[in-house]
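Undergrad: Please see the structure below; I have some questions.
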Amino acid sequence: MKVLVLALLVSACLADPWAEFQQFKEKHGKAYTNAREESSRFATFQENLEKIEKHNQEGHSWTLGITKFADLTKEEFAKTYASGRLPLRAVSSNARNIDLTNKKVIRIEDLPASVDWRDQGVITDVRDQGQCGSCWAFASAATMSAYGKINDPTHDLVTLSTQHIVSCTPNPLNCGGTGGCMGSIEPLAFTYASLFGVVTEDEYPYTSGHGGNNDDQVCDFDASKTDVTTITMGFETLPHNDALAAMDHLANKGPLSASVAANDWGLYSGGVFDGCDYDSNIAVNHAVLLMGYGTDDDGMDYWLIQNSWGPRWGDIANGNAGFIKLRRQSTTQCGEDTTPLDGSACQDGGVESVHVCGTCAVVSDNSYPIGATYVK
């Protein structure tokens, strides 16, 4: 009944697409260069409205809505906002099974029913990467902030500088892209922090995704003159494609950075998302903060994720602006990422296909910093 009412409400509000488009432009500060571009964007907006209405009438576990991405095609959205992500690994296409040698025995019945690291005060505010492939920097900064607080509960939670990470983290092997706004990986950020540390957001504000001119290509940090706020001792990676290992870590240690396939997330507006297709290419192309799990009121298990697309996207109606819930399966489904160079392999690494598991590959590649410490 709840879904039917929602569908009727959506249908009613879509009666005048042009009026909806005008409200959309005003709400999200959209401005187009000329009448031709506005006409093109309106056509795309109308197509997305039809998609939203149709989806919400079909009774899925998640809803779509008019997000700030509603004037973009799926291809445009994926190219601009779901890019710049690459796991640091060289996995052959026949690597299918998790190595059970000396593997810790984890039983789901021994784990808490739900985990949300916001309850422990270790999760920084939702942020917006803008039009820059810097998701890897936002995921790593949020993870390092969380572990700094976990390791020193008496210290205030600090928002770390993503611009420092974006502009200064080297990427010589072109993992996840060529670095900066063109993509990289969290393990490189964790490694950089172990060598040089990271300053705060206030000390080195983020500009790359909001009109900064090549700010991702120039590092304005001088290690010999600047005191950093956080350092690490490197990073660790969880067993690939192991949902129980991820749950156990979330329950007993802390959040994780996670590789995901986010091409279909643009219009998400609530509920437990289960819209990734396991029979087609699962293009892992985005990095997020995996910071909990639980079960909703309808009995559907989920993973809780903080994204970096700002607070005007996500499960806003339920108080989770900037967050998405992905379905957590009792038997983890898997598929193939057959375009790893689009976001899941280092250049010249020889990887042609990667086996990935979980909704939108959420448990395929999870890492976290070790020894994260606030030093001032």
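Just remember, in the structure tokens the first chain shown is A, the second B, etc., residues are 1-based per chain, and ligands are 1-based in the order shown.
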Show me, as a Markdown table, the residues of region 247-361 of chain A having an atom within 8 Å of region 51-73 of chain A, each with the closest atom pair and its distance in Å, using only C-alpha atoms.

TA:
| residue | atom | partner | partner_atom | distance |
| --- | --- | --- | --- | --- |
| A:Gly266 | CA | A:Phe69 | CA | 6.0 |
| A:Leu267 | CA | A:Leu64 | CA | 5.1 |
| A:Tyr268 | CA | A:Leu64 | CA | 4.6 |
| A:Ser269 | CA | A:Leu64 | CA | 4.9 |
| A:Gly270 | CA | A:Thr63 | CA | 5.3 |
| A:Gly271 | CA | A:Trp62 | CA | 3.9 |
| A:Val272 | CA | A:Trp62 | CA | 5.0 |
| A:Phe273 | CA | A:Trp62 | CA | 5.2 |
| A:Asp274 | CA | A:Ser61 | CA | 7.4 |
| A:Arg312 | CA | A:Lys68 | CA | 7.0 |
| A:Trp313 | CA | A:Thr67 | CA | 5.9 |

Undergrad: List the neighbours of region 248-257 of chain A out to 9 Å using only C-alpha atoms; skip same-chain residues closer than 3 positions along the sequence, and give me the result as an NGL selection string.

TA: :A and (106-108 or 111-112 or 114-117 or 123 or 136 or 139-140 or 142-143 or 146-147 or 150 or 186 or 238 or 243-245 or 287-293 or 365-369)

Undergrad: Please produce a file of the residues just selected, as a tab-separated table (two decimals), in the first residue's frame, where the atoms kept are N, CA and C atoms.

TA:
chain	number	residue	atom	x	y	z
A	106	ILE	N	33.61	-17.12	10.88
A	106	ILE	CA	32.65	-16.08	11.26
A	106	ILE	C	31.25	-16.64	11.11
A	107	ARG	N	30.45	-16.49	12.14
A	107	ARG	CA	29.06	-16.93	12.09
A	107	ARG	C	28.17	-15.70	12.21
A	108	ILE	N	27.23	-15.57	11.31
A	108	ILE	CA	26.40	-14.38	11.30
A	108	ILE	C	25.58	-14.25	12.58
A	111	LEU	N	27.14	-12.06	15.26
A	111	LEU	CA	27.30	-10.64	14.98
A	111	LEU	C	26.05	-9.85	15.39
A	112	PRO	N	26.19	-8.59	15.71
A	112	PRO	CA	25.01	-7.78	16.04
A	112	PRO	C	24.07	-7.67	14.84
A	114	SER	N	22.51	-5.11	13.73
A	114	SER	CA	22.71	-3.89	12.94
A	114	SER	C	23.92	-3.13	13.45
A	115	VAL	N	24.53	-2.38	12.55
A	115	VAL	CA	25.69	-1.54	12.86
A	115	VAL	C	25.54	-0.24	12.10
A	116	ASP	N	25.75	0.87	12.77
A	116	ASP	CA	25.75	2.19	12.13
A	116	ASP	C	26.79	3.03	12.86
A	117	TRP	N	27.94	3.24	12.22
A	117	TRP	CA	29.05	3.92	12.89
A	117	TRP	C	28.77	5.40	13.14
A	123	ILE	N	31.70	9.36	12.04
A	123	ILE	CA	31.45	9.58	10.61
A	123	ILE	C	31.32	11.08	10.34
A	136	TRP	N	37.48	8.41	-4.75
A	136	TRP	CA	38.51	7.67	-4.01
A	136	TRP	C	39.10	8.51	-2.88
A	139	ALA	N	36.31	8.85	-0.10
A	139	ALA	CA	36.18	7.60	0.66
A	139	ALA	C	37.36	7.41	1.59
A	140	SER	N	38.56	7.68	1.13
A	140	SER	CA	39.74	7.49	1.97
A	140	SER	C	39.80	8.52	3.09
A	142	ALA	N	37.24	10.04	4.56
A	142	ALA	CA	36.23	9.69	5.56
A	142	ALA	C	36.66	8.50	6.39
A	143	THR	N	37.30	7.52	5.75
A	143	THR	CA	37.76	6.34	6.48
A	143	THR	C	38.87	6.69	7.45
A	146	ALA	N	37.48	8.48	10.43
A	146	ALA	CA	36.79	7.56	11.33
A	146	ALA	C	37.77	6.79	12.21
A	147	TYR	N	38.83	6.26	11.63
A	147	TYR	CA	39.77	5.46	12.42
A	147	TYR	C	40.62	6.32	13.34
A	150	ILE	N	38.22	6.52	16.19
A	150	ILE	CA	38.09	5.22	16.85
A	150	ILE	C	39.33	4.93	17.71
A	186	GLU	N	41.94	4.27	-3.00
A	186	GLU	CA	42.13	4.58	-1.60
A	186	GLU	C	43.45	4.04	-1.02
A	238	LEU	N	40.45	-6.45	3.00
A	238	LEU	CA	39.70	-7.63	3.43
A	238	LEU	C	39.72	-8.69	2.32
A	243	ALA	N	31.35	-11.44	2.18
A	243	ALA	CA	30.37	-10.63	2.87
A	243	ALA	C	30.47	-10.77	4.38
A	244	LEU	N	30.70	-11.99	4.87
A	244	LEU	CA	30.82	-12.19	6.32
A	244	LEU	C	32.03	-11.47	6.89
A	245	ALA	N	33.13	-11.46	6.16
A	245	ALA	CA	34.32	-10.74	6.62
A	245	ALA	C	34.03	-9.25	6.72
A	287	ALA	N	33.90	4.74	-5.56
A	287	ALA	CA	34.34	4.39	-4.21
A	287	ALA	C	33.46	5.10	-3.19
A	288	VAL	N	33.11	4.38	-2.14
A	288	VAL	CA	32.21	4.91	-1.11
A	288	VAL	C	32.68	4.45	0.27
A	289	LEU	N	32.00	4.97	1.29
A	289	LEU	CA	32.27	4.56	2.67
A	289	LEU	C	31.19	3.56	3.10
A	290	LEU	N	31.58	2.32	3.29
A	290	LEU	CA	30.68	1.29	3.81
A	290	LEU	C	30.76	1.37	5.33
A	291	MET	N	29.67	1.81	5.98
A	291	MET	CA	29.77	2.10	7.42
A	291	MET	C	28.65	1.49	8.26
A	292	GLY	N	28.04	0.43	7.72
A	292	GLY	CA	27.06	-0.25	8.55
A	292	GLY	C	26.24	-1.27	7.78
A	293	TYR	N	25.36	-1.92	8.51
A	293	TYR	CA	24.41	-2.86	7.91
A	293	TYR	C	23.22	-2.98	8.83
A	365	ASP	N	35.80	-5.49	-3.00
A	365	ASP	CA	37.10	-4.90	-2.67
A	365	ASP	C	36.93	-3.87	-1.57
A	366	ASN	N	37.29	-4.24	-0.36
A	366	ASN	CA	37.14	-3.38	0.82
A	366	ASN	C	38.48	-3.20	1.51
A	367	SER	N	38.82	-1.97	1.83
A	367	SER	CA	40.09	-1.71	2.50
A	367	SER	C	39.90	-0.66	3.60
A	368	TYR	N	40.92	-0.52	4.44
A	368	TYR	CA	40.86	0.46	5.53
A	368	TYR	C	42.29	0.79	5.96
A	369	PRO	N	42.51	1.97	6.55
A	369	PRO	CA	43.85	2.34	7.01
A	369	PRO	C	44.16	1.66	8.34

Undergrad: Go through A:Asn307, A:Thr332, A:Gln131, A:Thr230 and flag the residue nearest Phe190 (chain A), using only C-alpha atoms for the distances.

TA: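 Answer, going by the shortest atom-to-atom distance: A:Thr230.
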
Undergrad: Might you pull out every residue within 9 Å of Ile282 (chain A), with only C-alpha atoms counted and same-chain residues fewer than 4 positions away left off, and present them as a short mmCIF file (atom, residue, chain, number, x, y, z; two decimals) with C-alpha atoms, in the first residue's frame?

TA:
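Result file follows (result_17.cif):
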data_model
loop_
_atom_site.label_atom_id
_atom_site.label_comp_id
_atom_site.auth_asym_id
_atom_site.auth_seq_id
_atom_site.Cartn_x
_atom_site.Cartn_y
_atom_site.Cartn_z
CA VAL A 260 30.96 -0.32 -6.18
CA ALA A 261 29.21 -0.25 -9.54
CA CYS A 276 22.35 -4.10 -10.37
CA ASP A 277 22.22 -6.81 -13.05
CA TYR A 278 24.46 -9.83 -12.44
CA GLY A 335 29.05 -11.50 -11.57
CA GLU A 336 31.82 -10.24 -13.83
CA ASP A 337 33.36 -6.84 -14.29
CA THR A 338 34.42 -7.18 -17.92
CA THR A 339 35.63 -3.57 -18.30
CA VAL A 356 32.82 -9.37 -8.13
CA CYS A 360 26.68 -3.61 -7.10
CA ALA A 361 29.93 -5.42 -6.14
#

Undergrad: Measuring between only C-alpha atoms, which one of A:Val126, A:Cys135, A:Val166, A:Met182 shows the shortest distance to Ser259 (chain A)?

TA: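 Looking at the shortest contact to Ser259 (chain A), the residue is A:Cys135.
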
Undergrad: Point out the residue among A:Tyr374, A:Tyr302, A:Phe323, A:Phe24 with the least atom-to-atom distance to Thr232 (chain A), counting only C-alpha atoms.

TA: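 Closest residue, counting only C-alpha atoms: A:Tyr374.
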
Undergrad: Can you list every residue in region 42-290 of chain A that DSSP puts in alpha helix (DSSP H), as a ChimeraX atom specification?

TA: /A:42-56,74-81,135-151,162-168,186-195,243-252

Undergrad: For the atom pair CA of Asp152 (chain A) and CA of Ser308 (chain A), what is the interatomic distance in Å to one decimal place?

TA: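 Computing the Euclidean distance for CA of Asp152 (chain A) and CA of Ser308 (chain A) yields 25.0 Å.
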
Undergrad: Region 174-364 of chain A: which residues are strand (DSSP E or B) by DSSP, as a VMD selection string?

TA: chain A and resid 175 184 198 200 230 to 231 235 to 237 256 to 260 268 to 273 286 to 295 301 to 306 309 314 to 315 320 to 321 323 to 327 334 to 337 346 354 to 357

Undergrad: At a cut-off of 10 Å, using only C-alpha atoms, what residues contact region 205-212 of chain A? Leave out same-chain residues fewer than 5 positions from it and give the result as a PyMOL selection string.

TA: chain A and resi 128-134+160-167+180-181+199-200+217

Undergrad: What does the structure give for the distance between CA of Arg328 (chain A) and CA of Asp301 (chain A), in Å to one decimal?

TA: 5.0 Å

Undergrad: Counting only C-alpha atoms, which residue out of A:Ser280, A:Asn174, A:Thr159, A:Thr169 sits closest to Thr191 (chain A)?

TA: A:Thr169
